[in-house]
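J.: Compact mmCIF, C-alpha atoms (C1' of nucleotides), saved as structure.txt, coming up:
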# COMPACT_ATOMS: atom_id res chain seq x y z
CA MET A 1 127.77 -48.08 -44.67
CA ASN A 2 130.44 -45.95 -43.08
CA ILE A 3 129.89 -42.20 -43.20
CA GLY A 4 133.45 -41.50 -44.34
CA LEU A 5 133.07 -43.65 -47.42
CA LEU A 6 129.65 -42.17 -48.10
CA LEU A 7 131.25 -38.73 -48.25
CA PHE A 8 134.33 -39.88 -50.09
CA ILE A 9 132.60 -41.38 -53.09
CA PRO A 10 130.64 -38.35 -54.30
CA ASN A 11 133.53 -36.07 -53.39
CA ARG A 12 135.83 -38.01 -55.66
CA GLU A 13 133.22 -37.85 -58.39
CA VAL A 14 133.11 -34.06 -58.17
CA GLU A 15 136.87 -33.66 -58.08
CA ASN A 16 137.46 -35.97 -61.01
CA ARG A 17 134.82 -34.42 -63.18
CA VAL A 18 135.69 -30.80 -62.49
CA LEU A 19 139.35 -31.50 -63.12
CA ALA A 20 138.55 -33.33 -66.34
CA ALA A 21 136.36 -30.45 -67.54
CA VAL A 22 139.01 -27.86 -66.75
CA ASN A 23 141.70 -29.95 -68.45
CA ALA A 24 139.49 -30.53 -71.48
CA ALA A 25 139.10 -26.77 -71.82
CA GLY A 26 142.87 -26.51 -72.19
CA PHE A 27 143.87 -25.56 -68.65
CA ASP A 28 146.73 -27.79 -67.58
CA LEU A 29 146.08 -27.98 -63.87
CA THR A 30 146.49 -30.86 -61.44
CA GLN A 31 144.20 -31.66 -58.55
CA ALA A 32 146.66 -30.32 -55.98
CA GLN A 33 147.24 -27.11 -57.95
CA GLN A 34 143.52 -26.61 -58.29
CA ARG A 35 142.97 -27.04 -54.58
CA VAL A 36 145.44 -24.32 -53.80
CA LEU A 37 144.26 -22.05 -56.60
CA MET A 38 140.70 -22.30 -55.32
CA ARG A 39 141.77 -20.73 -52.04
CA VAL A 40 143.45 -17.64 -53.45
CA ASP A 41 141.53 -14.56 -52.45
CA PRO A 42 140.64 -11.89 -55.06
CA GLY A 43 142.72 -9.39 -53.12
CA GLY A 44 145.70 -11.74 -52.87
CA THR A 45 146.67 -14.25 -50.25
CA ARG A 46 149.89 -14.93 -48.37
CA LEU A 47 151.57 -18.25 -48.84
CA THR A 48 151.19 -19.18 -45.21
CA ALA A 49 147.46 -18.46 -45.27
CA LEU A 50 147.14 -20.51 -48.42
CA ALA A 51 148.97 -23.40 -46.81
CA GLU A 52 146.61 -23.32 -43.85
CA ALA A 53 143.50 -23.14 -45.96
CA ALA A 54 144.58 -26.00 -48.18
CA GLN A 55 145.79 -28.03 -45.19
CA VAL A 56 149.35 -28.52 -46.34
CA THR A 57 152.71 -27.29 -45.09
CA LYS A 58 154.02 -23.99 -46.38
CA GLN A 59 156.74 -25.85 -48.26
CA THR A 60 154.15 -27.82 -50.16
CA ALA A 61 152.08 -24.71 -50.81
CA GLY A 62 155.21 -22.94 -52.04
CA PHE A 63 156.00 -25.79 -54.37
CA LEU A 64 152.51 -25.72 -55.87
CA VAL A 65 152.46 -21.92 -56.14
CA ASP A 66 155.79 -22.11 -57.99
CA GLN A 67 154.18 -24.37 -60.55
CA LEU A 68 151.09 -22.21 -60.82
CA GLU A 69 153.26 -19.15 -61.28
CA LYS A 70 155.37 -20.78 -63.98
CA ALA A 71 152.19 -21.79 -65.79
CA GLY A 72 150.82 -18.26 -65.52
CA TYR A 73 147.88 -18.87 -63.21
CA VAL A 74 149.13 -16.77 -60.32
CA GLU A 75 151.64 -14.03 -59.70
CA ARG A 76 153.52 -13.01 -56.60
CA VAL A 77 153.67 -9.37 -55.62
CA PRO A 78 155.30 -7.82 -52.56
CA ASP A 79 152.97 -7.38 -49.62
CA PRO A 80 152.93 -3.64 -48.87
CA ALA A 81 152.02 -4.40 -45.27
CA ASP A 82 154.94 -6.70 -44.52
CA GLY A 83 158.36 -6.77 -46.09
CA ARG A 84 158.87 -10.47 -45.43
CA ALA A 85 155.69 -11.51 -47.17
CA ARG A 86 154.42 -11.63 -50.71
CA LEU A 87 150.85 -11.85 -51.91
CA VAL A 88 149.81 -14.57 -54.28
CA ARG A 89 147.27 -13.27 -56.76
CA VAL A 90 145.32 -15.02 -59.48
CA THR A 91 145.87 -13.86 -63.06
CA ALA A 92 143.36 -13.29 -65.84
CA LYS A 93 144.25 -16.74 -67.16
CA ALA A 94 143.12 -18.40 -63.95
CA LEU A 95 139.91 -16.42 -63.94
CA GLU A 96 139.08 -17.85 -67.34
CA ALA A 97 139.03 -21.33 -65.82
CA VAL A 98 136.46 -20.41 -63.18
CA PRO A 99 133.37 -20.51 -65.41
CA VAL A 100 134.50 -23.84 -66.83
CA ALA A 101 134.67 -25.34 -63.35
CA ASN A 102 131.39 -23.75 -62.34
CA ALA A 103 129.62 -25.08 -65.40
CA GLU A 104 130.67 -28.63 -64.59
CA LEU A 105 129.66 -28.17 -60.97
CA ALA A 106 126.24 -26.97 -62.08
CA ARG A 107 125.93 -29.99 -64.35
CA ILE A 108 126.77 -32.35 -61.51
CA GLU A 109 124.36 -30.68 -59.14
CA ALA A 110 121.60 -30.89 -61.71
CA GLU A 111 122.21 -34.61 -62.17
CA TRP A 112 122.19 -35.21 -58.47
CA GLU A 113 119.03 -33.21 -58.02
CA ARG A 114 117.39 -35.23 -60.74
CA HIS A 115 118.26 -38.41 -58.84
CA LEU A 116 117.57 -37.26 -55.30
CA GLY A 117 114.72 -34.92 -55.95
CA ARG A 118 114.74 -31.25 -55.11
CA ARG A 119 113.77 -31.75 -51.49
CA ARG A 120 116.50 -34.22 -50.62
CA MET A 121 119.13 -32.28 -52.54
CA GLY A 122 118.26 -29.22 -50.49
CA GLN A 123 118.53 -31.23 -47.29
CA LEU A 124 121.92 -32.58 -48.33
CA ARG A 125 123.26 -29.10 -48.96
CA GLU A 126 121.82 -27.74 -45.78
CA ALA A 127 123.23 -30.56 -43.66
CA LEU A 128 126.68 -30.25 -45.23
CA GLU A 129 126.77 -26.51 -44.74
CA LYS A 130 125.77 -26.85 -41.13
CA LEU A 131 128.39 -29.57 -40.72
CA GLY A 132 131.04 -27.22 -42.06
CA GLU A 133 130.61 -25.16 -38.91
CA ILE A 134 132.25 -27.86 -36.85
CA THR A 135 134.52 -29.55 -39.38
CA ASP A 136 135.98 -26.67 -41.41
CA PRO A 137 138.92 -25.23 -39.51
CA TYR A 138 139.07 -22.24 -41.84
CA ARG A 139 135.74 -20.55 -41.72
CA MET B 1 129.71 -22.83 -51.44
CA ASN B 2 130.76 -25.49 -53.89
CA ILE B 3 129.37 -28.96 -53.31
CA GLY B 4 132.75 -30.63 -53.86
CA LEU B 5 134.34 -28.68 -51.04
CA LEU B 6 131.31 -29.26 -48.84
CA LEU B 7 131.84 -32.98 -49.21
CA PHE B 8 135.61 -32.79 -48.99
CA ILE B 9 135.83 -31.09 -45.61
CA PRO B 10 133.88 -33.56 -43.49
CA ASN B 11 135.36 -36.45 -45.43
CA ARG B 12 138.84 -35.33 -44.52
CA GLU B 13 137.75 -34.98 -40.91
CA VAL B 14 136.56 -38.58 -40.83
CA GLU B 15 139.64 -39.96 -42.54
CA ASN B 16 142.05 -38.08 -40.33
CA ARG B 17 140.34 -39.00 -37.11
CA VAL B 18 139.81 -42.66 -37.88
CA LEU B 19 143.40 -43.00 -39.00
CA ALA B 20 144.64 -41.21 -35.88
CA ALA B 21 142.55 -43.46 -33.65
CA VAL B 22 143.78 -46.60 -35.35
CA ASN B 23 147.39 -45.41 -35.17
CA ALA B 24 147.00 -44.45 -31.52
CA ALA B 25 145.83 -47.98 -30.80
CA GLY B 26 149.15 -49.24 -32.15
CA PHE B 27 148.16 -50.22 -35.66
CA ASP B 28 150.71 -48.79 -38.05
CA LEU B 29 148.54 -48.22 -41.09
CA THR B 30 148.57 -45.41 -43.64
CA GLN B 31 145.55 -43.84 -45.24
CA ALA B 32 146.13 -45.61 -48.53
CA GLN B 33 146.63 -48.97 -46.84
CA GLN B 34 143.49 -48.49 -44.81
CA ARG B 35 141.45 -47.68 -47.89
CA VAL B 36 142.47 -50.93 -49.51
CA LEU B 37 142.13 -52.97 -46.34
CA MET B 38 138.58 -51.71 -45.89
CA ARG B 39 137.60 -53.31 -49.17
CA VAL B 40 138.84 -56.80 -48.46
CA ASP B 41 135.93 -59.19 -48.26
CA PRO B 42 135.65 -61.68 -45.36
CA GLY B 43 135.86 -64.51 -47.88
CA GLY B 44 138.91 -63.07 -49.59
CA THR B 45 139.20 -60.72 -52.54
CA ARG B 46 141.25 -60.84 -55.71
CA LEU B 47 143.78 -58.11 -56.29
CA THR B 48 142.05 -56.92 -59.41
CA ALA B 49 138.73 -56.61 -57.61
CA LEU B 50 140.44 -54.73 -54.81
CA ALA B 51 142.00 -52.34 -57.28
CA GLU B 52 138.64 -51.63 -58.85
CA ALA B 53 136.90 -51.11 -55.55
CA ALA B 54 139.57 -48.76 -54.27
CA GLN B 55 139.78 -46.95 -57.63
CA VAL B 56 143.46 -47.51 -58.22
CA THR B 57 145.45 -49.49 -60.76
CA LYS B 58 146.34 -53.05 -59.97
CA GLN B 59 149.99 -52.03 -59.63
CA THR B 60 149.07 -49.64 -56.85
CA ALA B 61 146.82 -52.20 -55.19
CA GLY B 62 149.60 -54.77 -55.42
CA PHE B 63 152.07 -52.34 -53.89
CA LEU B 64 149.76 -51.61 -50.96
CA VAL B 65 148.85 -55.27 -50.44
CA ASP B 66 152.56 -56.09 -50.32
CA GLN B 67 152.97 -53.64 -47.47
CA LEU B 68 149.88 -54.90 -45.67
CA GLU B 69 151.13 -58.45 -46.04
CA LYS B 70 154.58 -57.60 -44.70
CA ALA B 71 152.98 -55.89 -41.72
CA GLY B 72 150.74 -58.89 -41.09
CA TYR B 73 147.34 -57.39 -41.86
CA VAL B 74 146.54 -59.58 -44.85
CA GLU B 75 147.69 -62.86 -46.34
CA ARG B 76 147.59 -64.14 -49.89
CA VAL B 77 146.28 -67.61 -50.57
CA PRO B 78 145.92 -69.36 -53.92
CA ASP B 79 142.49 -68.98 -55.46
CA PRO B 80 141.13 -72.53 -55.83
CA ALA B 81 138.96 -71.33 -58.70
CA ASP B 82 141.75 -69.86 -60.83
CA GLY B 83 145.42 -70.80 -60.92
CA ARG B 84 146.50 -67.33 -61.97
CA ALA B 85 144.77 -65.60 -59.13
CA ARG B 86 145.30 -65.33 -55.42
CA LEU B 87 142.88 -64.27 -52.76
CA VAL B 88 143.79 -61.50 -50.38
CA ARG B 89 142.42 -62.23 -46.93
CA VAL B 90 142.48 -60.21 -43.75
CA THR B 91 144.25 -61.68 -40.74
CA ALA B 92 143.22 -61.73 -37.09
CA LYS B 93 145.49 -58.72 -36.55
CA ALA B 94 143.51 -56.64 -39.03
CA LEU B 95 140.24 -57.69 -37.46
CA GLU B 96 141.45 -56.30 -34.16
CA ALA B 97 141.64 -52.84 -35.73
CA VAL B 98 138.03 -52.89 -36.89
CA PRO B 99 136.39 -52.11 -33.54
CA VAL B 100 138.88 -49.28 -33.01
CA ALA B 101 137.88 -47.70 -36.30
CA ASN B 102 134.20 -48.30 -35.64
CA ALA B 103 134.39 -46.73 -32.21
CA GLU B 104 135.89 -43.55 -33.65
CA LEU B 105 133.28 -43.52 -36.42
CA ALA B 106 130.54 -43.83 -33.82
CA ARG B 107 132.06 -40.98 -31.84
CA ILE B 108 132.16 -38.76 -34.93
CA GLU B 109 128.61 -39.59 -35.87
CA ALA B 110 127.43 -38.82 -32.37
CA GLU B 111 129.15 -35.42 -32.46
CA TRP B 112 127.63 -34.62 -35.82
CA GLU B 113 124.20 -35.69 -34.69
CA ARG B 114 124.53 -33.47 -31.65
CA HIS B 115 125.28 -30.54 -33.95
CA LEU B 116 122.83 -31.26 -36.75
CA GLY B 117 120.04 -32.81 -34.75
CA ARG B 118 118.72 -36.28 -35.28
CA ARG B 119 116.43 -35.34 -38.14
CA ARG B 120 119.05 -33.63 -40.27
CA MET B 121 121.65 -36.31 -39.58
CA GLY B 122 119.20 -38.89 -40.86
CA GLN B 123 118.53 -36.82 -43.95
CA LEU B 124 122.26 -36.48 -44.61
CA ARG B 125 122.77 -40.22 -44.41
CA GLU B 126 119.77 -40.94 -46.55
CA ALA B 127 120.78 -38.48 -49.24
CA LEU B 128 124.36 -39.76 -49.35
CA GLU B 129 123.22 -43.36 -49.59
CA LYS B 130 120.87 -42.54 -52.41
CA LEU B 131 123.64 -40.58 -54.10
CA GLY B 132 125.87 -43.63 -53.93
CA GLU B 133 123.58 -45.29 -56.43
CA ILE B 134 124.79 -42.99 -59.18
CA THR B 135 128.30 -42.11 -58.00
CA ASP B 136 129.68 -45.38 -56.66
CA PRO B 137 130.90 -47.42 -59.61
CA TYR B 138 131.24 -50.51 -57.42
CA ARG B 139 127.88 -51.21 -55.91
C1' DT C 1 146.00 -76.60 -80.68
C1' DG C 2 147.05 -71.99 -81.27
C1' DA C 3 145.32 -67.24 -80.32
C1' DT C 4 143.44 -64.27 -77.20
C1' DT C 5 142.22 -62.70 -72.77
C1' DT C 6 142.95 -62.22 -67.87
C1' DA C 7 145.57 -62.10 -63.07
C1' DG C 8 149.30 -60.47 -61.34
C1' DT C 9 154.28 -58.71 -61.23
C1' DT C 10 158.41 -55.87 -62.29
C1' DC C 11 160.56 -51.62 -63.58
C1' DG C 12 161.00 -46.84 -63.94
C1' DA C 13 159.31 -42.38 -63.29
C1' DG C 14 156.78 -38.43 -61.48
C1' DA C 15 153.65 -35.92 -58.29
C1' DG C 16 152.79 -34.53 -53.86
C1' DG C 17 153.72 -34.37 -49.30
C1' DC C 18 156.65 -34.04 -44.97
C1' DT C 19 160.67 -32.65 -41.48
C1' DG C 20 164.45 -29.99 -40.42
C1' DA C 21 167.33 -26.28 -41.03
C1' DC C 22 168.03 -21.92 -42.86
C1' DT C 23 167.60 -16.50 -44.28
C1' DA C 24 165.42 -12.23 -43.97
C1' DC C 25 162.40 -9.21 -42.05
C1' DT C 26 159.17 -7.58 -38.10
C1' DT C 27 157.60 -7.05 -33.56
C1' DT C 28 158.27 -6.82 -28.75
C1' DA C 29 160.30 -5.62 -24.61
C1' DA C 30 164.14 -4.34 -21.59
C1' DT D 1 167.11 1.64 -29.19
C1' DT D 2 168.83 -2.39 -29.47
C1' DA D 3 168.65 -7.32 -28.36
C1' DA D 4 165.42 -11.23 -28.34
C1' DA D 5 161.70 -13.58 -30.06
C1' DG D 6 158.53 -14.41 -33.63
C1' DT D 7 156.97 -14.82 -38.53
C1' DA D 8 157.24 -15.33 -43.93
C1' DG D 9 159.21 -17.89 -47.00
C1' DT D 10 163.01 -20.99 -49.12
C1' DC D 11 166.26 -24.92 -49.61
C1' DA D 12 167.54 -29.74 -49.23
C1' DG D 13 166.56 -34.41 -48.59
C1' DC D 14 163.43 -37.94 -48.08
C1' DC D 15 159.22 -40.95 -48.31
C1' DT D 16 154.67 -42.56 -50.03
C1' DC D 17 151.51 -43.12 -53.51
C1' DT D 18 150.36 -43.46 -58.07
C1' DC D 19 150.80 -44.41 -62.83
C1' DG D 20 152.24 -46.38 -67.70
C1' DA D 21 154.63 -49.88 -70.21
C1' DA D 22 156.11 -54.24 -70.63
C1' DC D 23 156.23 -58.79 -69.02
C1' DT D 24 154.90 -64.06 -67.22
C1' DA D 25 151.68 -67.48 -66.41
C1' DA D 26 147.30 -69.43 -66.52
C1' DA D 27 142.64 -69.78 -68.57
C1' DT D 28 139.49 -69.66 -72.24
C1' DC D 29 137.86 -69.61 -76.94
C1' DA D 30 137.88 -70.75 -81.95
For the structure just supplied, provide its representation as structure tokens.

T.:
Amino acid sequence: MNIGLLLFIPNREVENRVLAAVNAAGFDLTQAQQRVLMRVDPGGTRLTALAEAAQVTKQTAGFLVDQLEKAGYVERVPDPADGRARLVRVTAKALEAVPVANAELARIEAEWERHLGRRRMGQLREALEKLGEITDPYR
Amino acid sequence: MNIGLLLFIPNREVENRVLAAVNAAGFDLTQAQQRVLMRVDPGGTRLTALAEAAQVTKQTAGFLVDQLEKAGYVERVPDPADGRARLVRVTAKALEAVPVANAELARIEAEWERHLGRRRMGQLREALEKLGEITDPYR
DNA sequence: TGATTTAGTTCGAGAGGCTGACTACTTTAA
DNA sequence: TTAAAGTAGTCAGCCTCTCGAACTAAATCA
């Protein structure tokens, strides 16, 4: 079985479930919005940096940030360090969604650990983190 | 680091590279088309089954199969077992793309194994395959 | 046989993504 | 110190993928 598909299937499971949990808690976010939102730094992040981190063009990132801003999840403030730029910052509303997402993630991890056993779950995590070193262009 | 993102990053790497390799070899396939094509059985697969396997609605599957058919990667033949149904079958042209995709997959796996070591790469595979038992709705 | 289910299609709409071209500001270098 | 080059972000237009609703045709069940 192809390694891409092996990664794809559980990844989709996580994405679907976290999104469903966040939506069920009353946060009206889409998958794409969530992906961008996840990358916003506590101190604020420039649009261009956000676009890079989320692997989309700055136009796409701008489009999604517009939606997030309209819905009250982020705000844009001038960047004191550069007059051309603005910093995207998460609002209190967005922060409220974080524990909801984390709770679902914890639930998923617990289920997986129950199925794989503690040892194998640890190995999975370790291998994926190590793999990030060569596959994640942003860290 | 969140398990969803840990899975997402290498998955994207695989998808991008395999698609790029296939495109570079002259096969004009998109990601979505490739995902459907990958699920077509050697003996032929019904549209509905394809839709389920690829986790999309039958409208979407039909749309993608139309494109694949126009481009000559699949053909539709009547299903002898059911007058309503047709079987989607891959053509010789599609089969030519398989070794290209497999070669790139092998290259990726080799790189990963070089980075993780043989032991950890084996553990990753094993854990993901075991995980498929509870996350893959189609096997 | 008539009613219900199933396989697949058509239509219309929306989300998400891209390229190219632009404005406004900053940095660099002559 | 000012002209040139670079960078942050926006605007406009387009394409692909995806879905829901409603439909046709064939199969199956009562």

J.: Quick one: superpose chain B onto chain A using all C-alpha atoms paired in order, least squares, and give it to me as a compact mmCIF listing (two decimals) with C-alpha atoms, keeping the file's coordinate frame.

T.:
# COMPACT_ATOMS: atom_id res chain seq x y z
CA MET B 1 127.78 -48.08 -44.70
CA ASN B 2 130.48 -45.97 -43.15
CA ILE B 3 129.97 -42.23 -43.26
CA GLY B 4 133.55 -41.56 -44.37
CA LEU B 5 133.13 -43.67 -47.48
CA LEU B 6 129.72 -42.15 -48.13
CA LEU B 7 131.33 -38.74 -48.26
CA PHE B 8 134.41 -39.92 -50.13
CA ILE B 9 132.64 -41.38 -53.14
CA PRO B 10 130.69 -38.34 -54.31
CA ASN B 11 133.59 -36.09 -53.42
CA ARG B 12 135.86 -38.03 -55.71
CA GLU B 13 133.23 -37.83 -58.43
CA VAL B 14 133.14 -34.05 -58.19
CA GLU B 15 136.91 -33.66 -58.12
CA ASN B 16 137.48 -35.96 -61.05
CA ARG B 17 134.83 -34.40 -63.22
CA VAL B 18 135.71 -30.79 -62.52
CA LEU B 19 139.36 -31.50 -63.14
CA ALA B 20 138.55 -33.34 -66.37
CA ALA B 21 136.38 -30.47 -67.57
CA VAL B 22 139.03 -27.89 -66.79
CA ASN B 23 141.71 -29.99 -68.49
CA ALA B 24 139.50 -30.56 -71.51
CA ALA B 25 139.13 -26.81 -71.85
CA GLY B 26 142.90 -26.57 -72.20
CA PHE B 27 143.88 -25.60 -68.68
CA ASP B 28 146.74 -27.82 -67.60
CA LEU B 29 146.09 -28.00 -63.88
CA THR B 30 146.49 -30.88 -61.45
CA GLN B 31 144.20 -31.69 -58.58
CA ALA B 32 146.63 -30.37 -56.01
CA GLN B 33 147.21 -27.16 -57.94
CA GLN B 34 143.50 -26.64 -58.33
CA ARG B 35 142.91 -27.09 -54.62
CA VAL B 36 145.37 -24.34 -53.82
CA LEU B 37 144.22 -22.08 -56.63
CA MET B 38 140.65 -22.31 -55.37
CA ARG B 39 141.70 -20.73 -52.10
CA VAL B 40 143.38 -17.66 -53.50
CA ASP B 41 141.45 -14.57 -52.52
CA PRO B 42 140.59 -11.91 -55.14
CA GLY B 43 142.65 -9.41 -53.15
CA GLY B 44 145.63 -11.73 -52.90
CA THR B 45 146.56 -14.26 -50.25
CA ARG B 46 149.75 -14.91 -48.34
CA LEU B 47 151.44 -18.25 -48.79
CA THR B 48 151.03 -19.15 -45.16
CA ALA B 49 147.31 -18.44 -45.27
CA LEU B 50 147.02 -20.51 -48.41
CA ALA B 51 148.81 -23.39 -46.76
CA GLU B 52 146.44 -23.28 -43.82
CA ALA B 53 143.35 -23.09 -45.96
CA ALA B 54 144.43 -25.98 -48.15
CA GLN B 55 145.62 -28.00 -45.13
CA VAL B 56 149.17 -28.49 -46.28
CA THR B 57 152.54 -27.29 -45.02
CA LYS B 58 153.90 -24.05 -46.34
CA GLN B 59 156.59 -25.98 -48.20
CA THR B 60 153.93 -27.84 -50.13
CA ALA B 61 151.96 -24.67 -50.77
CA GLY B 62 155.12 -22.96 -51.96
CA PHE B 63 155.90 -25.85 -54.28
CA LEU B 64 152.43 -25.73 -55.82
CA VAL B 65 152.40 -21.94 -56.10
CA ASP B 66 155.74 -22.13 -57.91
CA GLN B 67 154.16 -24.40 -60.49
CA LEU B 68 151.06 -22.24 -60.80
CA GLU B 69 153.25 -19.19 -61.24
CA LYS B 70 155.37 -20.84 -63.92
CA ALA B 71 152.22 -21.85 -65.77
CA GLY B 72 150.83 -18.33 -65.51
CA TYR B 73 147.87 -18.91 -63.22
CA VAL B 74 149.10 -16.80 -60.32
CA GLU B 75 151.63 -14.05 -59.70
CA ARG B 76 153.46 -13.04 -56.57
CA VAL B 77 153.58 -9.40 -55.59
CA PRO B 78 155.23 -7.85 -52.54
CA ASP B 79 152.88 -7.40 -49.61
CA PRO B 80 152.84 -3.65 -48.89
CA ALA B 81 151.94 -4.42 -45.29
CA ASP B 82 154.88 -6.72 -44.54
CA GLY B 83 158.31 -6.80 -46.15
CA ARG B 84 158.76 -10.50 -45.49
CA ALA B 85 155.56 -11.51 -47.15
CA ARG B 86 154.29 -11.66 -50.68
CA LEU B 87 150.75 -11.85 -51.91
CA VAL B 88 149.73 -14.59 -54.28
CA ARG B 89 147.22 -13.29 -56.79
CA VAL B 90 145.31 -15.03 -59.53
CA THR B 91 145.88 -13.89 -63.10
CA ALA B 92 143.39 -13.32 -65.90
CA LYS B 93 144.28 -16.78 -67.22
CA ALA B 94 143.13 -18.42 -63.99
CA LEU B 95 139.92 -16.43 -64.00
CA GLU B 96 139.12 -17.87 -67.40
CA ALA B 97 139.05 -21.35 -65.87
CA VAL B 98 136.49 -20.42 -63.23
CA PRO B 99 133.39 -20.50 -65.45
CA VAL B 100 134.52 -23.85 -66.86
CA ALA B 101 134.71 -25.33 -63.38
CA ASN B 102 131.43 -23.72 -62.36
CA ALA B 103 129.65 -25.05 -65.41
CA GLU B 104 130.71 -28.60 -64.60
CA LEU B 105 129.71 -28.12 -60.97
CA ALA B 106 126.29 -26.92 -62.08
CA ARG B 107 125.95 -29.93 -64.36
CA ILE B 108 126.81 -32.30 -61.51
CA GLU B 109 124.42 -30.62 -59.14
CA ALA B 110 121.65 -30.81 -61.69
CA GLU B 111 122.24 -34.54 -62.17
CA TRP B 112 122.22 -35.13 -58.44
CA GLU B 113 119.08 -33.11 -57.99
CA ARG B 114 117.41 -35.13 -60.71
CA HIS B 115 118.29 -38.30 -58.82
CA LEU B 116 117.63 -37.14 -55.27
CA GLY B 117 114.78 -34.77 -55.90
CA ARG B 118 114.82 -31.12 -55.05
CA ARG B 119 113.88 -31.61 -51.42
CA ARG B 120 116.61 -34.10 -50.58
CA MET B 121 119.24 -32.17 -52.52
CA GLY B 122 118.41 -29.12 -50.44
CA GLN B 123 118.65 -31.14 -47.26
CA LEU B 124 122.04 -32.51 -48.31
CA ARG B 125 123.40 -29.04 -48.94
CA GLU B 126 121.98 -27.69 -45.74
CA ALA B 127 123.38 -30.50 -43.64
CA LEU B 128 126.83 -30.24 -45.21
CA GLU B 129 126.93 -26.49 -44.71
CA LYS B 130 125.95 -26.84 -41.09
CA LEU B 131 128.55 -29.58 -40.70
CA GLY B 132 131.19 -27.23 -42.03
CA GLU B 133 130.80 -25.19 -38.88
CA ILE B 134 132.44 -27.91 -36.82
CA THR B 135 134.67 -29.62 -39.39
CA ASP B 136 136.13 -26.75 -41.40
CA PRO B 137 139.04 -25.32 -39.43
CA TYR B 138 139.18 -22.29 -41.73
CA ARG B 139 135.83 -20.62 -41.62

J.: Within 12 Å of D:DA30, counting all atoms listed in the file, which residues qualify if same-chain residues fewer than 4 places away don't, as a list in words?

T.: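 The neighbour list is DT1, DG2, DA3 and DT4 of chain C.
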
J.: Could the residues of chain A that have an atom at most 12 Å from chain C be listed as CSV, each with its closest atom pair and the distance in Å to one decimal, counting all atoms listed in the file and ordered by chain and ascending residue number?

T.:
residue,atom,partner,partner_atom,distance
A:Thr30,CA,C:DA15,C1',9.3
A:Gln31,CA,C:DG16,C1',10.2
A:Ala32,CA,C:DG16,C1',7.7
A:Gln33,CA,C:DG16,C1',10.1
A:Gln55,CA,C:DG17,C1',11.0
A:Val56,CA,C:DG17,C1',7.9
A:Thr57,CA,C:DC18,C1',7.8
A:Lys58,CA,C:DC18,C1',10.5
A:Gln59,CA,C:DC18,C1',8.8
A:Thr60,CA,C:DG17,C1',6.6
A:Ala61,CA,C:DG17,C1',9.9
A:Gly62,CA,C:DG17,C1',11.8
A:Phe63,CA,C:DG16,C1',9.3
A:Leu64,CA,C:DG16,C1',9.0
A:Gln67,CA,C:DA15,C1',11.8
A:Ala81,CA,C:DT26,C1',10.6
A:Asp82,CA,C:DT26,C1',7.7
A:Gly83,CA,C:DC25,C1',6.2
A:Arg84,CA,C:DC25,C1',5.0
A:Ala85,CA,C:DC25,C1',8.7

J.: What does the distance from atom CA of B:Glu52 to atom CA of B:Arg12 come to in Å, to one decimal?

T.: 21.7 Å

J.: Identify the residues within 10 Å of coordinate (145.0, -61.6, -45.5) (same frame as the file), considering all atoms listed in the file, and give the answer as a list of chain:residue names.

T.: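 Taken together, the residues in range are B:Leu37, B:Val40, B:Asp41, B:Pro42, B:Gly43, B:Gly44, B:Thr45, B:Val65, B:Leu68, B:Glu69, B:Gly72, B:Tyr73, B:Val74, B:Glu75, B:Arg76, B:Val77, B:Leu87, B:Val88, B:Arg89, B:Val90, B:Thr91, B:Ala92, B:Lys93, B:Ala94.
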
J.: Would you mind telling me which residue in B:Val36, B:Ile134, B:Leu19, B:Val100 lies nearest to chain A when using all atoms listed in the file?

T.: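 Counting all atoms listed in the file, the residue closest to chain A is B:Ile134.
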
J.: Sorted by chain and rising residue number, list the residues of chain B at most 9 Å from chain A (counting all atoms listed in the file), each with its closest atom pair and distance in Å to one decimal, as a Markdown table.

T.:
| residue | atom | partner | partner_atom | distance |
| --- | --- | --- | --- | --- |
| B:Met1 | CA | A:Glu129 | CA | 8.2 |
| B:Asn2 | CA | A:Leu105 | CA | 7.6 |
| B:Ile3 | CA | A:Arg125 | CA | 7.5 |
| B:Gly4 | CA | A:Asn11 | CA | 5.5 |
| B:Leu5 | CA | A:Asn11 | CA | 7.8 |
| B:Leu6 | CA | A:Leu128 | CA | 6.0 |
| B:Leu7 | CA | A:Asn11 | CA | 5.5 |
| B:Phe8 | CA | A:Asn11 | CA | 5.9 |
| B:Ile9 | CA | A:Asp136 | CA | 6.1 |
| B:Pro10 | CA | A:Thr135 | CA | 5.8 |
| B:Asn11 | CA | A:Leu7 | CA | 5.5 |
| B:Arg12 | CA | A:Gly4 | CA | 8.2 |
| B:Glu13 | CA | A:Thr135 | CA | 6.5 |
| B:Val14 | CA | A:Gly4 | CA | 5.5 |
| B:Glu15 | CA | A:Gly4 | CA | 6.6 |
| B:Asn102 | CA | A:Asn2 | CA | 8.7 |
| B:Leu105 | CA | A:Asn2 | CA | 7.6 |
| B:Glu109 | CA | A:Ile3 | CA | 7.9 |
| B:Trp112 | CA | A:Leu131 | CA | 7.1 |
| B:His115 | CA | A:Leu131 | CA | 7.5 |
| B:Leu116 | CA | A:Lys130 | CA | 6.9 |
| B:Arg120 | CA | A:Ala127 | CA | 6.2 |
| B:Met121 | CA | A:Ala127 | CA | 7.2 |
| B:Gln123 | CA | A:Gln123 | CA | 6.5 |
| B:Leu124 | CA | A:Leu124 | CA | 5.4 |
| B:Arg125 | CA | A:Ile3 | CA | 7.5 |
| B:Glu126 | CA | A:Arg120 | CA | 8.5 |
| B:Ala127 | CA | A:Leu124 | CA | 6.1 |
| B:Leu128 | CA | A:Leu6 | CA | 5.9 |
| B:Glu129 | CA | A:Leu6 | CA | 6.7 |
| B:Lys130 | CA | A:Leu116 | CA | 6.9 |
| B:Leu131 | CA | A:Leu116 | CA | 7.0 |
| B:Gly132 | CA | A:Leu6 | CA | 7.1 |
| B:Ile134 | CA | A:His115 | CA | 8.0 |
| B:Thr135 | CA | A:Pro10 | CA | 5.8 |
| B:Asp136 | CA | A:Ile9 | CA | 6.1 |
